[in-house]
Structure formats: structure tokens, C-alpha cells
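data.cif follows (mmCIF, C-alpha atoms):
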```
data_target
#
loop_
_atom_site.label_atom_id
_atom_site.label_comp_id
_atom_site.auth_asym_id
_atom_site.auth_seq_id
_atom_site.Cartn_x
_atom_site.Cartn_y
_atom_site.Cartn_z
CA LEU F 17 -53.32 -23.78 31.92
CA ALA F 18 -54.55 -25.61 35.01
CA CYS F 19 -55.36 -22.26 36.61
CA ALA F 20 -57.16 -21.07 33.47
CA GLU F 21 -59.21 -24.26 33.28
CA ALA F 22 -60.34 -24.14 36.91
CA ASP F 23 -61.02 -20.42 36.66
CA SER F 24 -63.04 -20.81 33.45
CA ARG F 25 -65.18 -23.57 34.91
CA ALA F 26 -65.95 -21.51 38.02
CA ARG F 27 -66.80 -18.42 35.96
CA GLN F 28 -69.19 -20.40 33.77
CA GLU F 29 -70.92 -21.60 36.95
CA GLY F 30 -71.00 -18.07 38.37
CA ARG F 31 -69.06 -18.89 41.53
CA SER F 32 -65.79 -17.97 43.18
CA LEU F 33 -63.11 -20.62 43.53
CA PHE F 34 -62.96 -19.63 47.18
CA ASP F 35 -66.57 -20.49 48.01
CA GLY F 36 -66.62 -22.74 51.08
CA ILE F 37 -62.89 -22.57 51.84
CA THR F 38 -60.72 -20.15 53.82
CA ILE F 39 -57.29 -18.86 52.86
CA PRO F 40 -54.92 -19.64 55.76
CA PRO F 41 -52.59 -17.05 57.35
CA SER F 42 -49.24 -16.35 55.72
CA HIS F 43 -45.82 -15.59 57.09
CA TYR F 44 -44.45 -12.07 56.83
CA LEU F 45 -42.09 -11.55 53.90
CA TRP F 46 -39.26 -9.39 55.20
CA GLY F 47 -37.74 -6.73 52.97
CA GLY F 48 -34.21 -5.40 53.05
CA GLU F 49 -34.66 -2.09 54.86
CA GLU F 50 -36.70 -0.24 57.50
CA LEU F 51 -36.28 -2.93 60.13
CA GLY F 52 -38.22 -1.07 62.80
CA ARG F 53 -41.25 -0.48 60.58
CA GLN F 54 -41.32 -4.10 59.50
CA ALA F 55 -41.07 -5.32 63.08
CA GLU F 56 -44.11 -3.17 63.91
CA GLU F 57 -46.00 -4.71 60.97
CA VAL F 58 -45.19 -8.22 62.17
CA ALA F 59 -46.57 -7.46 65.62
CA ALA F 60 -49.61 -5.50 64.41
CA GLY F 61 -50.55 -8.12 61.79
CA GLY F 62 -50.42 -11.03 64.21
CA TYR F 63 -47.97 -12.94 62.02
CA SER F 64 -46.85 -16.33 63.33
CA ALA F 65 -43.55 -16.34 61.39
CA ALA F 66 -41.35 -14.08 59.31
CA LYS F 67 -39.45 -15.12 56.20
CA LEU F 68 -36.10 -13.59 55.31
CA LYS F 69 -34.55 -13.95 51.88
CA VAL F 70 -30.82 -14.03 52.51
CA GLY F 71 -27.77 -14.31 50.29
CA GLY F 72 -24.50 -16.15 50.04
CA ASP F 73 -22.38 -14.09 52.45
CA PRO F 74 -22.43 -15.96 55.80
CA LYS F 75 -21.20 -12.92 57.76
CA ALA F 76 -23.93 -10.69 56.31
CA VAL F 77 -26.54 -13.37 56.98
CA PHE F 78 -25.40 -13.67 60.60
CA THR F 79 -25.61 -9.91 61.10
CA HIS F 80 -29.02 -9.56 59.45
CA LEU F 81 -30.49 -12.55 61.27
CA THR F 82 -29.23 -11.26 64.61
CA GLU F 83 -30.73 -7.81 63.99
CA VAL F 84 -34.14 -9.18 63.02
CA ALA F 85 -34.22 -11.70 65.88
CA GLU F 86 -33.77 -8.85 68.35
CA LEU F 87 -36.76 -6.96 66.89
CA VAL F 88 -39.39 -9.70 66.53
CA GLU F 89 -40.45 -12.62 68.67
CA VAL F 90 -41.89 -14.88 65.96
CA PRO F 91 -40.06 -17.87 64.46
CA LEU F 92 -37.89 -17.07 61.47
CA ARG F 93 -37.79 -18.77 58.07
CA LEU F 94 -34.65 -18.34 55.97
CA ASP F 95 -34.45 -18.69 52.19
CA PHE F 96 -30.95 -18.89 50.72
CA ASN F 97 -31.93 -19.80 47.15
CA ALA F 98 -29.08 -22.34 47.29
CA ALA F 99 -26.50 -19.53 47.55
CA LEU F 100 -24.22 -21.33 50.03
CA THR F 101 -22.04 -24.39 49.71
CA ALA F 102 -22.75 -27.28 52.09
CA SER F 103 -19.60 -26.38 54.04
CA GLU F 104 -20.61 -22.73 54.33
CA ALA F 105 -24.09 -23.71 55.51
CA ARG F 106 -22.70 -25.93 58.26
CA GLY F 107 -20.27 -23.22 59.36
CA LEU F 108 -22.98 -20.57 59.46
CA PHE F 109 -25.39 -22.60 61.55
CA ARG F 110 -22.63 -23.59 63.95
CA SER F 111 -21.87 -19.89 64.46
CA LEU F 112 -25.44 -18.99 65.39
CA GLY F 113 -25.45 -20.50 68.83
CA THR F 114 -28.22 -22.54 70.42
CA ASP F 115 -30.61 -19.69 71.28
CA LEU F 116 -30.56 -18.10 67.84
CA ARG F 117 -30.75 -21.47 66.12
CA ARG F 118 -33.90 -22.27 68.08
CA ARG F 119 -35.54 -19.18 66.59
CA ILE F 120 -35.30 -20.71 63.12
CA ASP F 121 -38.46 -22.50 62.06
CA LEU F 122 -37.11 -23.78 58.72
CA VAL F 123 -34.51 -23.11 56.06
CA GLU F 124 -35.21 -23.17 52.33
CA ASP F 125 -32.47 -24.30 49.95
CA PRO F 126 -29.43 -23.53 52.10
CA CYS F 127 -27.25 -25.02 49.35
CA PRO F 128 -27.81 -27.04 46.17
CA TYR F 129 -29.55 -30.27 47.08
CA ASP F 130 -27.36 -33.26 47.84
CA SER F 131 -28.78 -36.14 49.86
CA ASP F 132 -25.68 -36.74 52.02
CA GLY F 133 -25.02 -33.05 52.61
CA TRP F 134 -28.61 -32.22 53.48
CA GLN F 135 -29.00 -35.18 55.80
CA ALA F 136 -25.81 -34.24 57.65
CA LEU F 137 -26.88 -30.60 57.92
CA ALA F 138 -30.35 -31.50 59.22
CA GLU F 139 -28.94 -33.91 61.80
CA GLU F 140 -26.23 -31.52 62.96
CA THR F 141 -28.45 -28.45 63.32
CA GLY F 142 -31.85 -29.96 64.13
CA ILE F 143 -33.36 -27.48 61.65
CA ASP F 144 -36.05 -28.50 59.16
CA LEU F 145 -34.80 -28.09 55.60
CA ALA F 146 -37.28 -27.17 52.89
CA LEU F 147 -36.68 -28.00 49.24
CA ASP F 148 -37.84 -25.37 46.75
CA TRP F 149 -35.51 -25.67 43.77
CA GLY F 150 -36.23 -29.04 42.21
CA PHE F 151 -39.07 -29.88 44.60
CA GLU F 152 -41.42 -31.58 42.13
CA ALA F 153 -38.56 -33.18 40.20
CA GLY F 154 -37.14 -34.54 43.46
CA LEU F 155 -40.32 -36.35 44.42
CA GLU F 156 -40.16 -40.10 43.97
CA GLN F 157 -43.64 -41.62 44.01
CA GLY F 158 -44.77 -38.66 46.10
CA VAL F 159 -42.01 -39.14 48.72
CA LEU F 160 -39.65 -36.35 49.75
CA PRO F 161 -35.95 -37.01 49.08
CA PRO F 162 -33.57 -37.76 52.00
CA GLY F 163 -32.74 -34.82 54.27
CA VAL F 164 -35.82 -32.85 53.24
CA ALA F 165 -38.42 -32.15 55.94
CA LEU F 166 -40.93 -30.40 53.71
CA GLY F 167 -41.42 -29.20 50.16
CA VAL F 168 -42.08 -25.66 48.93
CA PHE F 169 -45.13 -26.07 46.75
CA LYS F 170 -45.58 -23.31 44.15
CA PRO F 171 -48.81 -23.91 42.20
CA ALA F 172 -47.56 -21.70 39.35
CA ARG F 173 -44.74 -24.21 38.86
CA ASP F 174 -45.68 -27.53 40.48
CA ASP F 175 -48.47 -29.97 39.67
CA GLY F 176 -50.60 -30.29 42.80
CA GLU F 177 -51.91 -33.62 41.59
CA LYS F 178 -48.44 -35.12 42.06
CA LEU F 179 -48.12 -34.20 45.73
CA GLY F 180 -47.63 -37.05 48.15
CA ALA F 181 -48.35 -37.58 51.84
CA HIS F 182 -45.91 -35.03 53.21
CA PRO F 183 -45.89 -31.46 54.58
CA VAL F 184 -45.66 -28.49 52.24
CA LEU F 185 -45.20 -24.76 52.51
CA VAL F 186 -47.50 -23.27 49.87
CA THR F 187 -46.22 -20.05 48.33
CA SER F 188 -46.84 -17.83 45.36
CA SER F 189 -44.03 -17.34 42.84
CA MET F 190 -43.68 -13.61 43.51
CA ASP F 191 -45.95 -13.30 40.48
CA HIS F 192 -49.01 -11.41 39.27
CA PRO F 193 -52.09 -11.31 41.57
CA ILE F 194 -53.79 -13.91 39.32
CA GLY F 195 -51.00 -16.35 40.15
CA GLN F 196 -51.08 -15.18 43.75
CA MET F 197 -54.75 -16.17 44.02
CA TRP F 198 -54.11 -19.49 42.30
CA ALA F 199 -51.56 -20.23 45.02
CA ALA F 200 -54.05 -19.04 47.64
CA TRP F 201 -56.70 -21.46 46.31
CA TRP F 202 -54.30 -24.38 46.65
CA ALA F 203 -53.23 -23.20 50.11
CA ALA F 204 -56.88 -23.06 51.20
CA ARG F 205 -57.54 -26.54 49.84
CA VAL F 206 -54.47 -28.01 51.55
CA ALA F 207 -55.36 -26.32 54.85
CA SER F 208 -58.93 -27.62 54.55
CA GLY F 209 -57.78 -31.21 54.05
CA LEU F 210 -59.06 -31.33 50.47
CA VAL F 211 -55.74 -32.53 49.02
CA PRO F 212 -55.43 -36.16 50.21
CA GLY F 213 -52.42 -36.87 52.40
CA VAL F 214 -50.84 -33.42 52.10
CA THR F 215 -50.35 -31.46 55.30
CA ALA F 216 -49.87 -27.70 55.59
CA ARG F 217 -46.75 -26.20 57.14
CA GLY F 218 -47.97 -22.69 56.57
CA CYS F 219 -47.92 -20.53 53.48
CA GLY F 220 -46.39 -17.43 51.97
CA LEU F 221 -48.91 -15.57 49.84
CA LEU F 222 -48.50 -11.92 50.78
CA THR F 223 -46.14 -10.82 48.01
CA HIS F 224 -48.25 -8.06 46.45
CA GLY F 225 -46.87 -5.36 48.74
CA HIS F 226 -43.41 -5.76 47.22
CA PHE F 227 -44.52 -4.69 43.73
CA CYS F 228 -46.16 -1.77 41.97
CA GLY F 229 -47.28 -0.81 38.49
CA ASP F 230 -50.25 -3.08 37.79
CA PRO F 231 -53.82 -2.03 38.70
CA ALA F 232 -54.55 -5.57 39.90
CA LEU F 233 -52.18 -5.02 42.81
CA ASP F 234 -54.53 -2.36 44.18
CA LEU F 235 -57.36 -4.90 44.23
CA VAL F 236 -55.55 -7.38 46.49
CA ARG F 237 -56.81 -7.23 50.06
CA GLN F 238 -55.48 -8.66 53.28
CA GLU F 239 -56.55 -8.68 56.89
CA GLY F 240 -53.59 -8.98 59.22
CA SER F 241 -51.63 -12.02 58.11
CA ARG F 242 -54.43 -13.42 55.98
CA LEU F 243 -54.95 -12.82 52.25
CA LEU F 244 -58.64 -12.23 51.50
CA PRO F 245 -60.46 -13.71 48.49
CA PRO F 246 -60.98 -11.14 45.74
CA ALA F 247 -64.45 -10.14 44.63
CA GLY F 248 -65.86 -11.80 41.55
CA THR F 249 -65.99 -15.26 40.03
CA GLY F 250 -63.22 -17.77 39.48
CA VAL F 251 -59.99 -16.34 40.90
CA GLY F 252 -61.67 -12.91 40.92
CA PHE F 253 -60.73 -9.56 39.35
CA ASP F 254 -63.71 -9.68 36.96
CA ASP F 255 -63.84 -5.97 36.07
CA TYR F 256 -60.05 -5.74 35.78
CA LEU F 257 -59.94 -8.68 33.37
CA GLU F 258 -62.80 -7.30 31.29
CA GLU F 259 -60.91 -4.05 30.78
CA LEU F 260 -57.78 -5.72 29.43
CA ALA F 261 -57.15 -5.98 25.71
CA TRP F 262 -57.41 -9.63 24.64
CA GLU F 263 -56.25 -11.31 21.45
CA ASP F 264 -56.92 -14.81 20.15
CA LEU F 265 -53.79 -16.93 19.86
CA LYS F 266 -53.76 -18.95 16.64
#
```

Reformat the file's structure so that it appears as C-alpha cells.
Amino acid sequence: LACAEADSRARQEGRSLFDGITIPPSHYLWGGEELGRQAEEVAAGGYSAAKLKVGGDPKAVFTHLTEVAELVEVPLRLDFNAALTASEARGLFRSLGTDLRRRIDLVEDPCPYDSDGWQALAEETGIDLALDWGFEAGLEQGVLPPGVALGVFKPARDDGEKLGAHPVLVTSSMDHPIGQMWAAWWAARVASGLVPGVTARGCGLLTHGHFCGDPALDLVRQEGSRLLPPAGTGVGFDDYLEELAWEDLK
């Protein structure tokens, strides 16, 4: 509803939400296969980081991380979706060794959040831990909970007005291009200093390449690691939206 309201206001005024602001670069979202091709895309696109979604098998994570680290030179961001236990997370990061551990820029949700466990893990590994699951609920008066270095801010889920003075990684929710552009608008505002106190720790907006089947996906443009604003007013896609069948909800 917040997206619809901002979009409607901009359309009535005949302007794009992206007028006067620039969408910042995104990290590369690594897929599961074709490692060589993806490594070439990272280099060709000038990406400053690559994000890997990994699972709950520490041995498989170790193998995958080692393979990717040998192919790319950029820092790596790992997202476990809380698939590990705190004990498994500590064991995995101990097994990486100093050099490989230094390649890790941040880790999202290594295990379900627990203040003591996360603080111990952060202190032991020296790795920044990012809270995605429960980010907004975990904020207390805009302050990140103990052990959390940054929050994963998803505008499709989180209320940007409740953000506090802390760093965030702004990402889409792997959703439709409309939601993708809503996330991009917030990322551009954070990067431009238009959200008081909030600092940018990068963003992850380039999810459209992992989907197919909706004509809007073909309208999303990017230049290297940067998502480009769509043509049109509001969040864009004017012609596409006009062609959809709409019904009043009563």
C-alpha cells in the first residue's frame, strides 16, 4: 500500500519516482550452476561483491564457497536463511581458515537469531552478521539487536519509516519487477542520504534474471551492476500496467 500510494502520487504529478536520484550498484546474485559463466559475468559487470545463497549442509557450503572463491576476486556475501544451528555455524567458520574467512564480506542469518549466540559468533569470526529474518521486529527504538552488524531492509516487507541510525543492505524480496523497483527507490534514497541516519551497506536488486514468464521482466534494464530506472511515471511500466486487466475490489 505504501508503494501504491507513492506511485499514485508520482503518476498524478507526471513524474518518475527516480527523478533526481540514482539507483546504486548491486551485488551479483549467484545461481547454483555454470560457475565459469557466472564468474565471467561478475568480472564483466564490474560487481563489487557476490552473494551466495547457501544451505544447511556445512560440508556442501565449504565446497561451494571454496569453488567460487577460486573463480572470483570480489568479496563474498553468504545467506543461510537460518539453516544452521549456532554450533554448526561456529564449526563451519572455524573450518574456513583465515584467508577464506577474509573473503567474506558479511553473512545473513547463519542461524536463528539469539543474542548470545550471535555475539559469540561475531566476536570469534570477526565477520559482520546481517539480520534478515525478524529484522524490523528485532529493532528496539531503531537500534539493532546485540550481535547484529547490519539489517537486511526489504521495502516489500519492512516499514522504511521505522529505520534507525544504522547500516542496512537494501534488497528486493525476489518479487515482481514492481516490487523490485520499489526496493530500488528506497535503495536510491538511502544511498543519497535522504533517509535520516540510515547508512547504505550496498544493495541486492538484480533478481529479475532468475525468473521468467511475466512480460514485465523483459522491461527491466541494467547496466553492469546497476539497475536502471524504468521508463514512465511512478515506478514505471506505464504501458505494461495499462494493458493488464483491472478489477475494483469492493

Pull the closest atom pair for each residue of stretch 61-94 of chain F that gets at most 10 Å from stretch 220-225 of chain F, along with the distance in Å to one decimal, counting all atoms listed in the file, ordering rows by chain and then ascending residue number, as a Markdown table.
```
| residue | atom | partner | partner_atom | distance |
| --- | --- | --- | --- | --- |
| F:Ala65 | CA | F:Gly220 | CA | 9.9 |
| F:Ala66 | CA | F:Gly220 | CA | 9.5 |
| F:Lys67 | CA | F:Gly220 | CA | 8.4 |
```

For the residues in the current selection, export C-alpha atoms as an mmCIF file, in the coordinates of the input.
```cif
data_model
loop_
_atom_site.group_PDB
_atom_site.id
_atom_site.type_symbol
_atom_site.label_atom_id
_atom_site.label_comp_id
_atom_site.auth_asym_id
_atom_site.auth_seq_id
_atom_site.Cartn_x
_atom_site.Cartn_y
_atom_site.Cartn_z
ATOM 1 C CA ALA F 65 -43.550 -16.340 61.390
ATOM 2 C CA ALA F 66 -41.350 -14.080 59.310
ATOM 3 C CA LYS F 67 -39.450 -15.120 56.200
#
```

All residues 10 Å or closer to F:Leu179, only C-alpha atoms, same chain fewer than 4 positions away omitted, as an MDAnalysis selection string: chainID F and resid 152 155 157:160 167 169 174:175 183:184 211:214

Residue with smallest distance to F:Ala76 - pool F:Lys178, F:Ser189, F:Leu108, F:Asp121, counting only C-alpha atoms: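 Selected residue with least distance to F:Ala76: F:Leu108.
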
Residues matched by the PyMOL selection byres ((chain F and resi 149) around 8), written as a PyMOL selection string: chain F and resi 97+125+147-148+150-151

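For the set F:Glu57, F:Glu21, F:Glu89, F:Glu49, the residue with the smallest atom-to-atom gap to F:Ser241 is F:Glu57, counting all atoms listed in the file.
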
Å distance separating atom CA of F:Cys219 from atom CA of F:Asp73, one decimal place: 26.4 Å

Counting only C-alpha atoms, the residue of F:Leu122, F:Val70, F:Val236, F:Val58 that sits nearest F:Gly142: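 Smallest separation from F:Gly142 among the options: F:Leu122.
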
One-decimal distance in Å that lies between atom CA of F:Lys69 and atom CA of F:Gly218: 16.7 Å

Residues near F:Ala102, cut-off 6 Å, all atoms listed in the file, skip fewer than 2 positions along chain, as number ranges by chain: F: 104-105, 127

Using all atoms listed in the file: which of F:Gly250, F:Val90, F:Glu258, F:Gly61 has the shortest distance to F:Arg25: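 Selected residue with least distance to F:Arg25: F:Gly250.
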
Ground truth for the PyMOL selection byres ((chain F and resi 198) around 9), written as number ranges by chain: F: 19, 23, 171-172, 188, 193-197, 199-203, 251

Can you spit out the residues from that selection as a short mmCIF file (atom, residue, chain, number, x, y, z; two decimals), keeping the file's coordinate frame, using C-alpha atoms?
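Final output, selection_6.cif:
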```
data_model
loop_
_atom_site.label_atom_id
_atom_site.label_comp_id
_atom_site.auth_asym_id
_atom_site.auth_seq_id
_atom_site.Cartn_x
_atom_site.Cartn_y
_atom_site.Cartn_z
CA CYS F 19 -55.36 -22.26 36.61
CA ASP F 23 -61.02 -20.42 36.66
CA PRO F 171 -48.81 -23.91 42.20
CA ALA F 172 -47.56 -21.70 39.35
CA SER F 188 -46.84 -17.83 45.36
CA PRO F 193 -52.09 -11.31 41.57
CA ILE F 194 -53.79 -13.91 39.32
CA GLY F 195 -51.00 -16.35 40.15
CA GLN F 196 -51.08 -15.18 43.75
CA MET F 197 -54.75 -16.17 44.02
CA ALA F 199 -51.56 -20.23 45.02
CA ALA F 200 -54.05 -19.04 47.64
CA TRP F 201 -56.70 -21.46 46.31
CA TRP F 202 -54.30 -24.38 46.65
CA ALA F 203 -53.23 -23.20 50.11
CA VAL F 251 -59.99 -16.34 40.90
#
```
